[in-house]
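Here is the structure we will look at.
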Amino acid sequence: MAVILEPCDWLNSPFSQILVLPKDGKPVSEWTNENTAYLNAVEGIRRALAATASPGPDVAAEGTGATATGTTRRVRVKQQFDAIQKAEYAEAAFRTIQTYFQNACAELHEASDQIRARFELMGPNAFTCTVVNRALMRNGEAHITVRHARGGRMHVGDLSFVYQPHADDGTSNGWMSVEADDYNLFLNAMIDGLGRSRDEKVTPEQAAERLWNNFVTQAGIEYE
């Protein structure tokens, strides 16, 4: 099992095959109270050890990662995720993407006199961004609206986005869905614009970065 301290690409690493803590693999640094995060991790470890414990010495050794031959092996604990856990993950993913776009807009706005960027909230479940590249006479603008599907009219995916300013919630150029394997929750990006296959497991941080890069490219802006 592993404890995720900072955002990282653990879903596409060997860690995706083992129990990841705290809950849903949310990094400790992203919890409002880190002590709560560590407590959640400790409780998860305790449950995992209890699930693998038994009176037999061989099984107990496996729970600690050791075998009779002295070799080590990883413990993988399967779990099922209910609708509430998936809904909470979708909400947290939306907040992660929202924060990324807000910070990236502020950073881009200060990067050059030729670039203007604006981030605007559209209520608790949506935001819009506009980027203007004044160095381009044509095609120097990019717009995007991102929505959390909760309460909206879109019924495909948990998060949707459209390359329009202040777009209605009935429109979309693409979406992301919360899915789960036997061990973790993750996002499945159902859009080629994110540059990845539909079957790749994507973290909210990865989704935010790829969506932002795809968005600003439309204004002729790229990152080295």
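Identifiers in the structure tokens: chain A, B, ... in order shown; residue index from 1 per chain; ligand index from 1 in order shown.
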Could you produce a table of the residues of stretch 97-119 of chain A lying within 12 Å of stretch 155-177 of chain A, with the nearest pair of atoms per residue and their separation in Å rounded to one decimal, using only C-alpha atoms, ordered by chain and increasing residue number, as a tab-separated table?
```
residue	atom	partner	partner_atom	distance
A:Ile97	CA	A:Leu159	CA	10.0
A:Gln98	CA	A:Leu159	CA	11.3
A:Arg118	CA	A:Pro165	CA	10.8
A:Phe119	CA	A:Pro165	CA	10.5
```
10 Å contact set for A:Gln79, only C-alpha atoms, chain neighbours under 4 positions out, as a PyMOL selection string:
chain A and resi 19+180-184
How many Å separate atom CA of A:Thr130 from atom CA of A:Arg116?
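Calculated distance between atom CA of A:Thr130 and atom CA of A:Arg116 is 8.1 Å.
Shortest atom-to-atom contact with A:Glu120 among A:Glu107, A:Thr99, A:Leu211, A:Gly140: A:Thr99, counting only C-alpha atoms.
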Can you pull out the residues contacting A:Gly220? Cut-off 12 Å, using only C-alpha atoms, and skip same-chain residues under 4 positions away; I want them as number ranges by chain.
A: 114-115, 131-142, 213-216
Identify which of the residues A:Arg147, A:Lys86, A:His109, A:Lys78 lies closest to A:Met122, counting only C-alpha atoms when measuring atom-to-atom distances.
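Residue with the minimum atom-to-atom distance to A:Met122: A:Arg147.
The closest residue to A:Phe94, picked from A:Glu205, A:Glu6, A:Glu43, A:Glu179 and counting only C-alpha atoms, is A:Glu205.
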Using only C-alpha atoms, which of A:Thr36, A:Thr145, A:Ser13, A:Asn103 sits nearest A:Gly123?
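Under the stated criterion, the closest residue is A:Thr145.
You will find atom CA of A:Gln102 at 29.1 Å from atom CA of A:Asn40.
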Excluding same-chain residues fewer than 2 positions from A:Ile18, what lies within 8 Å of it counting only C-alpha atoms, as a list in words?
Met1, Ala2, Pro14, Phe15, Ser16, Val20, Arg74, Val75, Arg76, Val77 and Tyr183 of chain A
Could those residues be written to a file, using N, CA and C atoms, as a JSON list (two decimals), in the first residue's frame?
```json
[["chain", "number", "residue", "atom", "x", "y", "z"],
["A", 1, "MET", "N", 0.84, -1.18, 0.00],
["A", 1, "MET", "CA", 0.00, 0.00, 0.00],
["A", 1, "MET", "C", 0.89, 1.24, 0.00],
["A", 2, "ALA", "N", 0.30, 2.36, -0.44],
["A", 2, "ALA", "CA", 1.07, 3.60, -0.56],
["A", 2, "ALA", "C", 0.25, 4.77, -0.06],
["A", 14, "PRO", "N", 3.11, 1.59, -11.00],
["A", 14, "PRO", "CA", 2.79, 0.35, -10.28],
["A", 14, "PRO", "C", 1.90, 0.57, -9.06],
["A", 15, "PHE", "N", 1.86, 1.81, -8.54],
["A", 15, "PHE", "CA", 1.03, 2.07, -7.36],
["A", 15, "PHE", "C", -0.46, 1.89, -7.66],
["A", 16, "SER", "N", -0.84, 1.96, -8.95],
["A", 16, "SER", "CA", -2.26, 1.82, -9.29],
["A", 16, "SER", "C", -2.77, 0.41, -9.02],
["A", 20, "VAL", "N", -4.12, 2.46, -2.30],
["A", 20, "VAL", "CA", -3.58, 3.81, -2.21],
["A", 20, "VAL", "C", -4.40, 4.61, -1.21],
["A", 74, "ARG", "N", 3.63, -7.57, -2.89],
["A", 74, "ARG", "CA", 2.72, -6.48, -2.62],
["A", 74, "ARG", "C", 1.33, -7.00, -2.26],
["A", 75, "VAL", "N", 0.68, -6.29, -1.37],
["A", 75, "VAL", "CA", -0.69, -6.62, -0.98],
["A", 75, "VAL", "C", -1.64, -5.73, -1.75],
["A", 76, "ARG", "N", -2.59, -6.33, -2.45],
["A", 76, "ARG", "CA", -3.59, -5.57, -3.17],
["A", 76, "ARG", "C", -4.96, -5.88, -2.56],
["A", 77, "VAL", "N", -5.65, -4.85, -2.16],
["A", 77, "VAL", "CA", -6.96, -5.02, -1.52],
["A", 77, "VAL", "C", -8.03, -4.46, -2.44],
["A", 183, "TYR", "N", -9.48, -1.07, -7.61],
["A", 183, "TYR", "CA", -8.64, -0.49, -6.57],
["A", 183, "TYR", "C", -8.77, 1.03, -6.43]]
```
Of the residues A:Ile4, A:Leu185, A:Ala219, A:Ala207, which is the one nearest to A:Gln85, using only C-alpha atoms?
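With only C-alpha atoms as the atom set, the closest residue is A:Leu185.
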Residues within 12 Å of A:Val3, please, as a PDB file with C-alpha atoms, in the first residue's frame. Count only C-alpha atoms; anything in the same chain fewer than 4 positions from it doesn't count.
```pdb
ATOM      1  CA  PRO A   7      -0.131  15.218  -6.606  1.00  0.00           C
ATOM      2  CA  CYS A   8       1.629  12.765  -8.918  1.00  0.00           C
ATOM      3  CA  TRP A  10       0.384   7.368  -9.594  1.00  0.00           C
ATOM      4  CA  PHE A  15       1.025   2.074  -7.364  1.00  0.00           C
ATOM      5  CA  SER A  16      -2.256   1.817  -9.287  1.00  0.00           C
ATOM      6  CA  ILE A  18      -2.081  -1.610  -4.790  1.00  0.00           C
ATOM      7  CA  LEU A  19      -4.099   0.047  -2.057  1.00  0.00           C
ATOM      8  CA  VAL A  20      -3.579   3.813  -2.213  1.00  0.00           C
ATOM      9  CA  LEU A  21      -4.337   6.112   0.706  1.00  0.00           C
ATOM     10  CA  PRO A  22      -5.801   8.501   1.829  1.00  0.00           C
ATOM     11  CA  LYS A  23      -9.330   7.924   0.511  1.00  0.00           C
ATOM     12  CA  ASP A  24      -9.610   7.825  -3.299  1.00  0.00           C
ATOM     13  CA  GLY A  25      -5.878   8.552  -3.596  1.00  0.00           C
ATOM     14  CA  LYS A  26      -6.395  12.235  -2.781  1.00  0.00           C
ATOM     15  CA  PRO A  27      -2.947  13.673  -1.904  1.00  0.00           C
ATOM     16  CA  VAL A  28      -2.396  14.650   1.721  1.00  0.00           C
ATOM     17  CA  SER A  29      -1.412  18.168   0.636  1.00  0.00           C
ATOM     18  CA  ALA A  37      -5.695  12.937   5.876  1.00  0.00           C
ATOM     19  CA  TYR A  38      -3.110  11.040   7.916  1.00  0.00           C
ATOM     20  CA  LEU A  39      -5.830   9.674  10.188  1.00  0.00           C
ATOM     21  CA  ASN A  40      -7.722   8.445   7.125  1.00  0.00           C
ATOM     22  CA  ALA A  41      -4.544   6.736   5.884  1.00  0.00           C
ATOM     23  CA  VAL A  42      -3.907   5.075   9.254  1.00  0.00           C
ATOM     24  CA  GLU A  43      -7.474   3.784   9.389  1.00  0.00           C
ATOM     25  CA  GLY A  44      -7.128   2.423   5.849  1.00  0.00           C
ATOM     26  CA  ILE A  45      -3.905   0.613   6.744  1.00  0.00           C
TER      27      ILE A  45
END
```
So, with only C-alpha atoms as the atoms that count, which of A:His143, A:Arg95, A:Lys201, A:Arg73 lies closest to A:Phe186?
A:Lys201
